[in-house]
Amino acid sequence: MMTQACAGAELKELCETVRAYSDLQDFEACVSLIAHAMEEHPSAPEPHNLLGIVLEREGRHAEAMRHFRAAYALDPSYRPARQNLEHYGIFYAPGGCAFDQADCPEERDPGYEITYDTHGIGHVQRRKKL
């Protein structure tokens with residue numbers, strides 16, 4: 001059985017390899033690698049996200065969006081899937097596509113927090129600057 005750290009390293013390497021093949025427009029190699037990764041890691045969002053990028057670059061938008069949504073459904077905290085949904089889902093998208101976490105901008109601190117009173121009612125308050 002594969003450890004989580006080993007699976008993470010394998011998926012990170014997959015992202016880098018698919019990026020390189022995608023830049024060379026070798027989409028057949030990309031799809032082959034991604035299909036194998038989907039078999040090995042059925043609950044990982046990375047292969048679906050990568051397949052979405054490849055399909056988008058081939059001009060298969062509807063299929064690509066299905067794979068971005070699948071990646072997001074598998075792990076809603078996986079930022080590349082969310083960024084790609086936003087990037088390819090609107091006309092004037094900010095940023096570029098995200099192969100992995102390194103391609104995602106850091107999320108900004110909103111500058112506020114929710115605090116709850118003794119009755120369980122939430123109140124939005126600005127954070128104090130240090």
# chains A, B, ... in the order shown; residues from 1 in each chain; ligands from 1

call {"tool": "select_by_dssp", "arguments": {"residues": "chain A", "states": "alpha helix (DSSP H)", "output": "PyMOL selection string"}}
result
chain A and resi 4-23+27-40+45-57+61-74+79-89

call {"tool": "residues_around", "arguments": {"residues": "segment 20-34 of chain A", "least_positions_apart": "3", "cutoff": "12 Å", "atoms": "only C-alpha atoms", "output": "VMD selection string"}}
result
chain A and resid 10 to 11 13 to 17 37 to 42 44 to 59 67 99

call {"tool": "write_last_selection", "arguments": {"atoms": "N, CA, C and O atoms", "output": "CSV table (one decimal), in the first residue's frame"}}
result
chain,number,residue,atom,x,y,z
A,10,GLU,N,4.4,11.5,-5.9
A,10,GLU,CA,4.1,11.0,-7.2
A,10,GLU,C,3.2,11.9,-8.0
A,10,GLU,O,3.4,12.2,-9.2
A,11,LEU,N,2.2,12.5,-7.3
A,11,LEU,CA,1.2,13.4,-7.9
A,11,LEU,C,1.9,14.7,-8.2
A,11,LEU,O,1.6,15.4,-9.3
A,13,GLU,N,5.1,15.1,-9.0
A,13,GLU,CA,5.9,14.8,-10.2
A,13,GLU,C,5.0,14.7,-11.5
A,13,GLU,O,5.3,15.1,-12.6
A,14,LEU,N,3.8,14.1,-11.3
A,14,LEU,CA,2.8,14.1,-12.4
A,14,LEU,C,2.5,15.5,-12.9
A,14,LEU,O,2.5,15.7,-14.1
A,15,CYS,N,2.2,16.4,-12.0
A,15,CYS,CA,1.9,17.8,-12.4
A,15,CYS,C,3.0,18.4,-13.2
A,15,CYS,O,2.8,19.0,-14.2
A,16,GLU,N,4.3,18.2,-12.8
A,16,GLU,CA,5.4,18.7,-13.5
A,16,GLU,C,5.6,18.1,-14.9
A,16,GLU,O,5.9,18.8,-15.9
A,17,THR,N,5.4,16.8,-14.9
A,17,THR,CA,5.6,16.1,-16.2
A,17,THR,C,4.5,16.5,-17.2
A,17,THR,O,4.8,16.7,-18.4
A,37,ALA,N,-2.6,7.7,-13.6
A,37,ALA,CA,-2.7,8.3,-12.3
A,37,ALA,C,-4.1,8.2,-11.7
A,37,ALA,O,-4.3,8.0,-10.5
A,38,MET,N,-5.1,8.3,-12.6
A,38,MET,CA,-6.5,8.2,-12.1
A,38,MET,C,-6.8,6.8,-11.6
A,38,MET,O,-7.5,6.6,-10.6
A,39,GLU,N,-6.1,5.8,-12.2
A,39,GLU,CA,-6.3,4.4,-11.8
A,39,GLU,C,-5.6,4.2,-10.4
A,39,GLU,O,-6.1,3.5,-9.5
A,40,GLU,N,-4.4,4.8,-10.3
A,40,GLU,CA,-3.6,4.6,-9.1
A,40,GLU,C,-4.1,5.5,-7.9
A,40,GLU,O,-4.0,5.1,-6.8
A,41,HIS,N,-4.7,6.6,-8.2
A,41,HIS,CA,-5.2,7.6,-7.2
A,41,HIS,C,-6.6,8.0,-7.5
A,41,HIS,O,-6.8,9.2,-7.9
A,42,PRO,N,-7.6,7.1,-7.3
A,42,PRO,CA,-9.0,7.5,-7.7
A,42,PRO,C,-9.6,8.6,-7.0
A,42,PRO,O,-10.5,9.2,-7.5
A,44,ALA,N,-7.9,11.3,-5.8
A,44,ALA,CA,-7.0,12.5,-5.9
A,44,ALA,C,-7.6,13.5,-6.9
A,44,ALA,O,-8.0,13.1,-8.0
A,45,PRO,N,-7.6,14.8,-6.5
A,45,PRO,CA,-8.1,15.8,-7.5
A,45,PRO,C,-7.1,16.2,-8.6
A,45,PRO,O,-7.5,16.6,-9.6
A,46,GLU,N,-5.8,15.9,-8.4
A,46,GLU,CA,-4.8,16.4,-9.3
A,46,GLU,C,-5.0,15.8,-10.7
A,46,GLU,O,-4.9,16.6,-11.7
A,47,PRO,N,-5.2,14.5,-10.9
A,47,PRO,CA,-5.4,14.0,-12.3
A,47,PRO,C,-6.6,14.6,-13.0
A,47,PRO,O,-6.5,14.9,-14.2
A,48,HIS,N,-7.7,14.8,-12.3
A,48,HIS,CA,-8.8,15.4,-13.0
A,48,HIS,C,-8.5,16.9,-13.3
A,48,HIS,O,-8.9,17.4,-14.4
A,49,ASN,N,-7.9,17.6,-12.5
A,49,ASN,CA,-7.5,19.0,-12.8
A,49,ASN,C,-6.6,19.1,-14.0
A,49,ASN,O,-6.8,19.9,-14.9
A,50,LEU,N,-5.6,18.2,-14.0
A,50,LEU,CA,-4.7,18.1,-15.2
A,50,LEU,C,-5.4,17.8,-16.5
A,50,LEU,O,-5.1,18.4,-17.5
A,51,LEU,N,-6.3,16.8,-16.4
A,51,LEU,CA,-7.0,16.4,-17.6
A,51,LEU,C,-7.9,17.6,-18.1
A,51,LEU,O,-8.0,17.8,-19.3
A,52,GLY,N,-8.4,18.3,-17.2
A,52,GLY,CA,-9.2,19.5,-17.5
A,52,GLY,C,-8.3,20.5,-18.3
A,52,GLY,O,-8.8,21.0,-19.3
A,53,ILE,N,-7.1,20.7,-17.9
A,53,ILE,CA,-6.2,21.6,-18.6
A,53,ILE,C,-5.9,21.1,-20.0
A,53,ILE,O,-5.9,21.9,-20.9
A,54,VAL,N,-5.6,19.8,-20.1
A,54,VAL,CA,-5.3,19.3,-21.4
A,54,VAL,C,-6.5,19.4,-22.3
A,54,VAL,O,-6.3,19.8,-23.5
A,55,LEU,N,-7.6,19.0,-21.8
A,55,LEU,CA,-8.8,19.1,-22.7
A,55,LEU,C,-9.1,20.5,-23.1
A,55,LEU,O,-9.5,20.8,-24.2
A,56,GLU,N,-8.9,21.5,-22.2
A,56,GLU,CA,-9.1,22.9,-22.5
A,56,GLU,C,-8.1,23.3,-23.6
A,56,GLU,O,-8.5,24.0,-24.6
A,57,ARG,N,-6.9,22.9,-23.5
A,57,ARG,CA,-5.9,23.2,-24.6
A,57,ARG,C,-6.2,22.6,-25.9
A,57,ARG,O,-5.8,23.1,-26.9
A,58,GLU,N,-7.0,21.5,-25.9
A,58,GLU,CA,-7.4,20.8,-27.1
A,58,GLU,C,-8.7,21.4,-27.7
A,58,GLU,O,-9.2,21.0,-28.7
A,59,GLY,N,-9.2,22.4,-26.9
A,59,GLY,CA,-10.5,23.0,-27.4
A,59,GLY,C,-11.7,22.3,-27.0
A,59,GLY,O,-12.8,22.6,-27.5
A,67,HIS,N,-14.1,18.0,-15.7
A,67,HIS,CA,-13.0,17.5,-14.9
A,67,HIS,C,-12.6,18.5,-13.8
A,67,HIS,O,-12.2,18.0,-12.7
A,99,PHE,N,-1.6,24.3,-12.8
A,99,PHE,CA,-1.3,22.9,-12.8
A,99,PHE,C,-1.2,22.3,-11.4
A,99,PHE,O,-1.6,21.2,-11.2

call {"tool": "residues_around", "arguments": {"residues": "Tyr112 of chain A", "least_positions_apart": "6", "cutoff": "12 Å", "atoms": "only C-alpha atoms", "output": "PyMOL selection string"}}
result
chain A and resi 123-129

call {"tool": "write_last_selection", "arguments": {"atoms": "all heavy atoms", "output": "mmCIF file, in the first residue's frame"}}
result
data_model
loop_
_atom_site.group_PDB
_atom_site.id
_atom_site.type_symbol
_atom_site.label_atom_id
_atom_site.label_comp_id
_atom_site.auth_asym_id
_atom_site.auth_seq_id
_atom_site.Cartn_x
_atom_site.Cartn_y
_atom_site.Cartn_z
ATOM 1 N N HIS A 123 -21.101 37.882 14.949
ATOM 2 C CA HIS A 123 -20.906 39.298 14.648
ATOM 3 C C HIS A 123 -19.613 39.445 13.855
ATOM 4 O O HIS A 123 -18.580 38.897 14.230
ATOM 5 C CB HIS A 123 -20.804 40.124 15.937
ATOM 6 C CG HIS A 123 -22.006 40.007 16.807
ATOM 7 N ND1 HIS A 123 -23.127 40.766 16.630
ATOM 8 C CD2 HIS A 123 -22.268 39.173 17.856
ATOM 9 C CE1 HIS A 123 -24.028 40.436 17.547
ATOM 10 N NE2 HIS A 123 -23.533 39.471 18.294
ATOM 11 N N VAL A 124 -19.676 40.189 12.767
ATOM 12 C CA VAL A 124 -18.483 40.443 11.946
ATOM 13 C C VAL A 124 -17.753 41.632 12.541
ATOM 14 O O VAL A 124 -18.329 42.689 12.762
ATOM 15 C CB VAL A 124 -18.874 40.738 10.481
ATOM 16 C CG1 VAL A 124 -17.638 41.054 9.665
ATOM 17 C CG2 VAL A 124 -19.630 39.568 9.886
ATOM 18 N N GLN A 125 -16.473 41.432 12.835
ATOM 19 C CA GLN A 125 -15.668 42.495 13.425
ATOM 20 C C GLN A 125 -14.346 42.616 12.652
ATOM 21 O O GLN A 125 -13.788 41.625 12.208
ATOM 22 C CB GLN A 125 -15.348 42.192 14.887
ATOM 23 C CG GLN A 125 -16.570 42.135 15.766
ATOM 24 C CD GLN A 125 -16.198 41.845 17.202
ATOM 25 O OE1 GLN A 125 -15.140 41.273 17.483
ATOM 26 N NE2 GLN A 125 -17.053 42.243 18.123
ATOM 27 N N ARG A 126 -13.885 43.853 12.551
ATOM 28 C CA ARG A 126 -12.571 44.057 11.926
ATOM 29 C C ARG A 126 -11.496 43.531 12.860
ATOM 30 O O ARG A 126 -11.589 43.668 14.065
ATOM 31 C CB ARG A 126 -12.323 45.533 11.678
ATOM 32 C CG ARG A 126 -13.166 46.085 10.578
ATOM 33 C CD ARG A 126 -12.788 47.542 10.348
ATOM 34 N NE ARG A 126 -13.766 48.139 9.484
ATOM 35 C CZ ARG A 126 -13.505 48.519 8.245
ATOM 36 N NH1 ARG A 126 -12.307 48.393 7.765
ATOM 37 N NH2 ARG A 126 -14.452 49.042 7.511
ATOM 38 N N ARG A 127 -10.482 42.943 12.246
ATOM 39 C CA ARG A 127 -9.358 42.473 13.041
ATOM 40 C C ARG A 127 -8.518 43.666 13.448
ATOM 41 O O ARG A 127 -8.343 44.609 12.688
ATOM 42 C CB ARG A 127 -8.510 41.494 12.249
ATOM 43 C CG ARG A 127 -9.212 40.187 12.065
ATOM 44 C CD ARG A 127 -8.223 39.151 11.598
ATOM 45 N NE ARG A 127 -8.937 37.879 11.531
ATOM 46 C CZ ARG A 127 -8.793 36.997 10.591
ATOM 47 N NH1 ARG A 127 -7.941 37.218 9.622
ATOM 48 N NH2 ARG A 127 -9.474 35.895 10.588
ATOM 49 N N LYS A 128 -7.956 43.586 14.625
ATOM 50 C CA LYS A 128 -7.069 44.646 15.095
ATOM 51 C C LYS A 128 -5.710 44.449 14.462
ATOM 52 O O LYS A 128 -5.179 43.350 14.426
ATOM 53 C CB LYS A 128 -6.974 44.619 16.612
ATOM 54 C CG LYS A 128 -8.283 44.944 17.274
ATOM 55 C CD LYS A 128 -8.165 44.885 18.765
ATOM 56 C CE LYS A 128 -9.535 45.189 19.364
ATOM 57 N NZ LYS A 128 -9.536 45.025 20.802
ATOM 58 N N LYS A 129 -5.167 45.529 13.944
ATOM 59 C CA LYS A 129 -3.831 45.455 13.354
ATOM 60 C C LYS A 129 -2.794 45.507 14.452
ATOM 61 O O LYS A 129 -2.923 46.262 15.395
ATOM 62 C CB LYS A 129 -3.630 46.596 12.370
ATOM 63 C CG LYS A 129 -4.549 46.490 11.177
ATOM 64 C CD LYS A 129 -4.258 47.562 10.163
ATOM 65 C CE LYS A 129 -5.198 47.386 8.998
ATOM 66 N NZ LYS A 129 -4.957 48.349 7.966
#

call {"tool": "residues_around", "arguments": {"residues": "segment 72-87 of chain A", "least_positions_apart": "3", "cutoff": "6 Å", "atoms": "only C-alpha atoms", "output": "list in words"}}
result
Pro45, Asn49, Phe68, Arg69, Ala93, Cys97, Ala98, Asp100 and Gln101 of chain A

call {"tool": "write_last_selection", "arguments": {"atoms": "N, CA and C atoms", "output": "mmCIF file, in the first residue's frame"}}
result
data_model
loop_
_atom_site.group_PDB
_atom_site.id
_atom_site.type_symbol
_atom_site.label_atom_id
_atom_site.label_comp_id
_atom_site.auth_asym_id
_atom_site.auth_seq_id
_atom_site.Cartn_x
_atom_site.Cartn_y
_atom_site.Cartn_z
ATOM 1 N N PRO A 45 -7.588 14.795 -6.526
ATOM 2 C CA PRO A 45 -8.092 15.801 -7.459
ATOM 3 C C PRO A 45 -7.109 16.153 -8.576
ATOM 4 N N ASN A 49 -7.859 17.606 -12.464
ATOM 5 C CA ASN A 49 -7.495 18.989 -12.768
ATOM 6 C C ASN A 49 -6.580 19.051 -13.993
ATOM 7 N N PHE A 68 -12.666 19.741 -14.115
ATOM 8 C CA PHE A 68 -12.368 20.721 -13.058
ATOM 9 C C PHE A 68 -13.378 20.583 -11.919
ATOM 10 N N ARG A 69 -14.657 20.393 -12.277
ATOM 11 C CA ARG A 69 -15.681 20.212 -11.235
ATOM 12 C C ARG A 69 -15.456 18.917 -10.462
ATOM 13 N N ALA A 93 -11.099 36.188 -17.128
ATOM 14 C CA ALA A 93 -10.603 35.500 -15.956
ATOM 15 C C ALA A 93 -9.299 36.117 -15.454
ATOM 16 N N CYS A 97 -3.998 29.384 -15.906
ATOM 17 C CA CYS A 97 -4.406 28.069 -15.425
ATOM 18 C C CYS A 97 -3.431 27.604 -14.345
ATOM 19 N N ALA A 98 -3.900 26.692 -13.509
ATOM 20 C CA ALA A 98 -3.099 26.209 -12.390
ATOM 21 C C ALA A 98 -2.882 24.705 -12.513
ATOM 22 N N ASP A 100 -0.692 23.130 -10.464
ATOM 23 C CA ASP A 100 -0.564 22.679 -9.080
ATOM 24 C C ASP A 100 -0.656 23.879 -8.140
ATOM 25 N N GLN A 101 -0.449 23.641 -6.855
ATOM 26 C CA GLN A 101 -0.587 24.686 -5.834
ATOM 27 C C GLN A 101 0.349 25.867 -6.079
#

call {"tool": "atom_distance", "arguments": {"atom1": "atom CA of Cys104 of chain A", "atom2": "atom CA of Ala71 of chain A"}}
result
15.2 Å

call {"tool": "atom_distance", "arguments": {"atom1": "atom CA of Ala35 of chain A", "atom2": "atom CA of Asp103 of chain A"}}
result
22.4 Å

call {"tool": "atom_distance", "arguments": {"atom1": "atom CA of His36 of chain A", "atom2": "atom CA of Ala9 of chain A"}}
result
15.3 Å

call {"tool": "select_by_dssp", "arguments": {"residues": "segment 41-122 of chain A", "states": "strand (DSSP E)", "output": "PyMOL selection string"}}
result
chain A and resi 112-116+122
